[in-house]
Structure formats: structure tokens, C-alpha cells
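Visitor: Hey, dropping entry-v2.txt in here, compact mmCIF, C-alpha atoms:
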```txt
# COMPACT_ATOMS: atom_id res chain seq x y z
CA MET A 20 -22.08 44.48 -5.23
CA THR A 21 -25.03 42.94 -3.43
CA LEU A 22 -24.70 40.79 -0.34
CA ILE A 23 -25.74 37.65 -2.25
CA LYS A 24 -23.04 38.25 -4.89
CA LYS A 25 -20.44 38.76 -2.14
CA ILE A 26 -21.46 35.50 -0.44
CA ILE A 27 -21.31 33.61 -3.77
CA LEU A 28 -17.91 35.13 -4.54
CA PHE A 29 -16.64 34.21 -1.06
CA LEU A 30 -17.89 30.61 -1.48
CA LEU A 31 -16.29 30.32 -4.92
CA ILE A 32 -12.95 31.56 -3.60
CA GLY A 33 -13.21 29.10 -0.69
CA LEU A 34 -13.94 26.21 -3.06
CA MET A 35 -10.99 27.18 -5.27
CA ILE A 36 -8.67 27.20 -2.23
CA ILE A 37 -9.93 23.78 -1.08
CA ARG A 38 -9.60 22.36 -4.61
CA GLY A 39 -6.08 23.75 -4.87
CA TYR A 40 -5.11 22.19 -1.54
CA LEU A 41 -6.53 18.79 -2.58
CA PHE A 42 -4.73 18.99 -5.93
CA TYR A 43 -1.45 19.80 -4.18
CA THR A 44 -1.94 16.93 -1.70
CA ASP A 45 -2.60 14.44 -4.51
CA TRP A 46 0.38 15.74 -6.47
CA SER A 47 2.62 15.49 -3.40
CA HIS A 48 1.56 11.89 -2.66
CA ASN A 49 2.05 10.92 -6.30
CA LYS A 50 5.58 12.38 -6.24
CA ALA A 51 6.31 10.39 -3.07
CA ARG A 52 5.06 7.18 -4.77
CA GLN A 53 7.34 7.86 -7.74
CA ALA A 54 10.30 8.47 -5.41
CA ALA A 55 9.56 5.24 -3.55
CA GLU A 56 9.49 3.30 -6.82
CA GLU A 57 12.82 4.80 -7.92
CA ILE A 58 14.45 4.00 -4.55
CA PHE A 59 13.10 0.45 -4.70
CA GLN A 60 14.38 -0.09 -8.25
CA GLU A 61 17.79 1.28 -7.32
CA THR A 62 17.95 -1.00 -4.27
CA ILE A 63 17.00 -4.07 -6.33
CA TYR A 64 19.59 -3.16 -8.96
CA LYS A 65 22.33 -2.85 -6.36
CA LYS A 66 21.38 -6.15 -4.73
CA THR A 67 21.15 -8.10 -8.01
CA ASN A 68 24.04 -6.56 -9.95
CA LYS A 69 26.73 -9.25 -9.67
CA ALA A 70 29.58 -6.79 -10.15
CA SER A 71 28.58 -4.83 -7.06
CA GLN A 72 26.87 -7.52 -4.98
CA GLU A 73 29.76 -7.90 -2.54
CA ALA A 74 30.31 -4.15 -2.27
CA VAL A 75 26.68 -3.31 -1.50
CA GLU A 76 25.08 -4.91 1.51
CA LEU A 77 21.98 -3.25 2.89
CA LYS A 78 22.25 -2.71 6.62
CA LYS A 79 18.72 -1.29 6.78
CA ALA A 80 15.80 -0.78 4.47
CA PRO A 81 15.98 2.29 2.22
CA LEU A 82 14.00 5.32 3.38
CA LEU A 83 11.51 7.48 1.53
CA PRO A 84 12.79 11.07 1.79
CA LYS A 85 9.29 12.59 2.19
CA ASN A 86 8.68 11.06 5.64
CA ASN A 87 11.58 8.66 6.33
CA ALA A 88 9.30 5.65 5.88
CA GLU A 89 11.11 2.35 5.32
CA ILE A 90 10.58 0.79 1.90
CA ILE A 91 10.28 -2.99 2.36
CA GLY A 92 9.03 -4.33 -0.97
CA ARG A 93 6.41 -4.18 -3.69
CA ILE A 94 2.95 -5.65 -4.22
CA GLU A 95 1.58 -6.31 -7.71
CA ILE A 96 -1.90 -7.54 -8.63
CA ASP A 97 -2.13 -8.02 -12.39
CA ALA A 98 -5.91 -8.61 -12.37
CA LEU A 99 -6.36 -5.08 -10.98
CA HIS A 100 -3.43 -3.42 -12.83
CA LEU A 101 -2.03 -2.55 -9.41
CA SER A 102 1.62 -2.07 -8.43
CA TYR A 103 2.72 -0.25 -5.28
CA ILE A 104 5.71 -0.06 -3.01
CA ILE A 105 5.13 -1.42 0.50
CA LEU A 106 6.06 0.87 3.39
CA GLU A 107 6.85 -0.28 6.92
CA GLY A 108 4.28 0.77 9.51
CA VAL A 109 0.75 2.07 9.38
CA THR A 110 0.65 5.81 9.76
CA GLU A 111 -1.75 8.23 8.08
CA GLU A 112 1.16 9.62 6.04
CA ASN A 113 2.31 6.14 4.91
CA LEU A 114 -1.25 5.09 4.01
CA SER A 115 -1.78 8.26 1.98
CA ILE A 116 1.34 7.46 -0.06
CA SER A 117 1.24 3.69 -0.57
CA ILE A 118 0.40 0.25 0.81
CA SER A 119 1.66 -0.23 4.38
CA LYS A 120 2.65 -3.17 6.56
CA VAL A 121 0.45 -3.51 9.64
CA THR A 122 2.14 -6.46 11.31
CA GLY A 123 3.77 -9.80 10.63
CA PRO A 124 7.04 -11.24 9.40
CA PRO A 125 9.29 -9.98 6.62
CA ILE A 126 8.06 -10.60 3.07
CA HIS A 127 8.10 -14.34 2.09
CA SER A 128 8.66 -15.48 5.69
CA LYS A 129 6.51 -17.91 7.67
CA GLY A 130 3.61 -16.13 9.32
CA ASN A 131 0.88 -13.68 8.38
CA LEU A 132 2.13 -10.54 6.65
CA VAL A 133 -0.73 -8.02 7.00
CA LEU A 134 -0.87 -5.17 4.49
CA ALA A 135 -3.33 -2.27 4.51
CA GLY A 136 -4.25 0.32 1.93
CA HIS A 137 -6.84 3.05 1.57
CA ASN A 138 -9.92 2.29 -0.53
CA MET A 139 -9.63 5.34 -2.79
CA ARG A 140 -12.66 6.42 -4.82
CA ASP A 141 -10.50 6.91 -7.92
CA GLY A 142 -9.37 3.26 -7.76
CA THR A 143 -5.82 3.97 -6.62
CA LEU A 144 -4.12 2.17 -3.72
CA PHE A 145 -6.57 -0.59 -2.63
CA GLY A 146 -9.56 1.11 -4.30
CA LYS A 147 -10.05 -1.81 -6.72
CA LEU A 148 -9.44 -4.59 -4.17
CA LYS A 149 -13.17 -5.37 -4.00
CA HIS A 150 -12.86 -6.86 -7.50
CA LEU A 151 -10.41 -9.57 -6.37
CA LYS A 152 -11.73 -13.11 -6.57
CA VAL A 153 -10.72 -16.32 -4.84
CA SER A 154 -7.95 -17.92 -6.97
CA ASP A 155 -6.64 -14.54 -8.22
CA SER A 156 -2.93 -14.10 -7.70
CA ILE A 157 -0.77 -11.39 -6.21
CA ARG A 158 3.00 -11.01 -6.31
CA LEU A 159 5.24 -9.71 -3.58
CA GLN A 160 8.84 -8.68 -4.21
CA ASP A 161 11.31 -8.15 -1.40
CA LEU A 162 14.37 -5.89 -1.30
CA THR A 163 16.64 -8.65 -2.60
CA GLY A 164 14.61 -8.84 -5.81
CA VAL A 165 12.93 -12.15 -4.96
CA SER A 166 9.38 -12.19 -6.31
CA LYS A 167 6.86 -14.85 -5.25
CA GLU A 168 3.26 -15.48 -6.16
CA TYR A 169 0.43 -15.78 -3.65
CA ILE A 170 -3.08 -17.07 -4.40
CA ILE A 171 -6.23 -15.61 -2.84
CA TYR A 172 -7.95 -18.43 -0.95
CA ASP A 173 -10.56 -16.53 1.09
CA LYS A 174 -12.17 -13.13 1.40
CA LYS A 175 -14.62 -11.68 3.87
CA ILE A 176 -16.06 -8.52 5.39
CA VAL A 177 -15.48 -7.94 9.12
CA LYS A 178 -16.26 -5.22 11.62
CA ASP A 179 -13.44 -2.74 12.19
CA THR A 180 -13.18 -4.04 15.78
CA ASP A 181 -12.42 -7.61 14.59
CA LEU A 182 -8.67 -8.11 14.98
CA SER A 183 -8.62 -11.79 13.94
CA PRO A 184 -7.13 -10.99 10.48
CA LEU A 185 -3.95 -9.90 12.31
CA ASN A 186 -3.50 -13.38 13.83
CA GLN A 187 0.00 -14.75 13.23
CA PHE A 188 -0.81 -18.43 13.81
CA ILE A 189 -3.07 -19.26 10.87
CA SER A 190 -0.73 -21.32 8.68
CA GLU A 191 2.59 -23.10 8.49
CA SER A 192 3.40 -21.37 5.20
CA PRO A 193 3.76 -17.67 4.35
CA ILE A 194 0.37 -15.90 4.27
CA VAL A 195 -0.49 -12.40 3.09
CA THR A 196 -3.59 -10.64 4.41
CA LEU A 197 -4.83 -7.55 2.57
CA ILE A 198 -7.06 -5.08 4.42
CA THR A 199 -9.02 -2.09 3.18
CA CYS A 200 -12.14 -0.15 4.11
CA THR A 201 -15.52 -0.81 2.57
CA THR A 202 -18.17 1.78 1.81
CA GLN A 203 -19.42 1.16 5.36
CA GLU A 204 -17.32 3.14 7.81
CA ASP A 205 -17.21 0.36 10.43
CA GLU A 206 -16.36 -2.54 8.10
CA ARG A 207 -13.16 -3.86 6.54
CA ALA A 208 -12.69 -6.04 3.46
CA ILE A 209 -10.16 -8.80 4.12
CA PHE A 210 -8.39 -10.96 1.51
CA PHE A 211 -6.21 -13.93 2.46
CA ALA A 212 -3.53 -15.31 0.11
CA GLU A 213 -1.03 -18.11 0.55
CA GLN A 214 2.27 -18.60 -1.18
CA LYS A 215 2.01 -20.72 -4.33
```
Once more with this new file: its structure as C-alpha cells, please.
Guide:
Amino acid sequence: MTLIKKIILFLLIGLMIIRGYLFYTDWSHNKARQAAEEIFQETIYKKTNKASQEAVELKKAPLLPKNNAEIIGRIEIDALHLSYIILEGVTEENLSISISKVTGPPIHSKGNLVLAGHNMRDGTLFGKLKHLKVSDSIRLQDLTGVSKEYIIYDKKIVKDTDLSPLNQFISESPIVTLITCTTQEDERAIFFAEQK
């Protein structure tokens, strides 16, 4: 076998290993998303089932077994065919699994609930967020099963050093701020929505 053939073979084996690792990572994150959805559904069922409502009182948010992340709710955007569980806290692991809470009050409470998600090339997570328009609606559901609609009233692109979207004193009513990356490494797309 010539040296060139050995190099090509080595490169092909390396690419197969990398592809296998990426496939496994995607599969693992997808399984974690499915587990989060099942835990969320079970929590909602327990909280809304009248026969067991008194017997089941959540002391804390349910945890995702993969990384012990707290599950705090769900975000749905019909215009983008998007539905994801919301995890508490921005960590690389949480962001690779689902949408994550950066800061702010509990869902549906007064203040600015800031949610972040990766802008994935395949359109998952917040990969389609760039298609949102002013007046589009999003829905948030909390752990008690309460679902409320929010309307996008503003959107903008900011530098990644601009922390103003995290401001908690922008409205007297509940606000949701969605954040994702743009194709420019140092920019963020920001979408503001207020409760309907």
C-alpha cells in the first residue's frame, strides 16, 4: 500500500470516527429532549388530575436524569412548528438539550423572563427564530399546566457584549425575551414578547 493510500485511509477512518461521535451526541441530546418532554407531561398530569391534586404537591421542579437540570416549563411557537421544554440555567449541556432560562422571574410572573437557545443549522432549538415577525405569538406553559400567549412586539440584533436584553425593569407586565446567535459570531438576535 502506498503512502498516499495509507494517508487517505487514515483520513477516512478519522472522518468516520468524528461522524460517529457527532451522531451519538445528536442521538443523546434527542433522547434527553424526549425524556424532558415525558417528565413535563407527567408533572402536568399530576398537577391537573383532580383525583390526585391534593396528594401531589411539587416541592421542587422535576429534574432531567441526564444532567439533573430543572424542568420549568415549555415554549411553543406555532409559526415555526417549535415546541421545547425550558430548562433552568444556562449551561453548555442545558443549551445542547433544549431552551434554557438565562434570568428573570418564574414563567408568567411580572418581570423579564429571558430564554436562550442555540441557533442550530438544521433548524432545531432556536434555529428558525430568525423567521419570527413582530405580532407573531408564542406560548409558555408552566409546571401547573397554565398556558399563556405572548405577542412579539420588537426584535433586534445586538452585539454579544450588550446586556440590556437581560434588564428586569422594562415593563409592568410579564415579558419574555428570546435570545439566539446570528451567523455573525459576535451578534445576538433578540425578540421581545409581552403577555397577551
Visitor: Which neighbours of range 163-169 of chain A fall inside 12 Å, counting all atoms listed in the file, when residues of the same chain fewer than 6 positions from it are skipped, and could you give them as an MDAnalysis selection string?
Guide: chainID A and resid 59:68 72 75:77 80:81 91:97 125:128 132 153:157 192:197 210:215
Visitor: Any idea what the distance is between CA of Tyr40 in chain A and CA of Leu22 in chain A?
Guide: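 Pair CA of Tyr40 in chain A / CA of Leu22 in chain A returns 27.0 Å.
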Visitor: Between A:Met20, A:Ala55, A:Ala208, A:Leu148, which is the closest to Ile105 in chain A once you count only C-alpha atoms?
Guide: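 Counting only C-alpha atoms, the residue closest to Ile105 in chain A is A:Ala55.
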Visitor: Near His150 in chain A, within 10 Å and counting all atoms listed in the file, which residues show up once chain neighbours fewer than 4 positions away are dropped, as a ChimeraX atom specification?
Guide: /A:98-99,146,155
Visitor: Have a look at CA of Ile116 in chain A and CA of Gln53 in chain A and let me know their distance in Å, one decimal.
Guide: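 Separation of CA of Ile116 in chain A and CA of Gln53 in chain A: 9.8 Å.
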Visitor: Just how far from CA of Pro184 in chain A is CA of Lys120 in chain A, in Å to one decimal?
Guide: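 A separation of 13.1 Å between them.
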Visitor: To test the calculation: enclose all listed atoms of range 150-163 of chain A in a box whose edges run along x, y and z, add 8 Å on each side, then state centre and edge lengths in Å to one decimal, as lines of an AutoDock Vina configuration file.
Guide:
```
center_x = 1.9
center_y = -11.9
center_z = -4.8
size_x = 45.5
size_y = 28.0
size_z = 22.9
```
Visitor: So that I can see what lies close to Asp205 in chain A, please list as a PyMOL selection string the residues with an atom at most 12 Å from it, counting all atoms listed in the file and leaving out residues fewer than 6 positions away in the same chain.
Guide: chain A and resi 176-181+199
Visitor: Identify which of the residues A:Asn131, A:Thr122, A:Ser102, A:Gln160 lies closest to Leu144 in chain A, counting all atoms listed in the file when measuring atom-to-atom distances.
Guide: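 Checking each of A:Asn131, A:Thr122, A:Ser102, A:Gln160 against Leu144 in chain A, counting all atoms listed in the file, the winner is A:Ser102.
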Visitor: With distances taken over only C-alpha atoms, which residue among A:Ile23, A:Ile36, A:Met139, A:Leu101 lies nearest Thr202 in chain A?
Guide: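 Among the listed residues, A:Met139 lies closest to Thr202 in chain A.
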Visitor: Identify which of the residues A:Ile209, A:Cys200, A:Leu151, A:Val121 lies closest to Gln187 in chain A, counting all atoms listed in the file when measuring atom-to-atom distances.
Guide: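 The shortest atom-to-atom distance to Gln187 in chain A comes from A:Val121.
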Visitor: So, with only C-alpha atoms as the atoms that count, which of A:Gly123, A:Gly39, A:Pro84, A:Gly136 lies closest to Val109 in chain A?
Guide: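 Of A:Gly123, A:Gly39, A:Pro84, A:Gly136, the one nearest Val109 in chain A, counting only C-alpha atoms, is A:Gly136.
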Visitor: Closest to Thr110 in chain A among A:Lys129, A:His137, A:Arg38, A:Lys175, using all atoms listed in the file?
Guide: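 Ranked by minimum distance to Thr110 in chain A, first place goes to A:His137.
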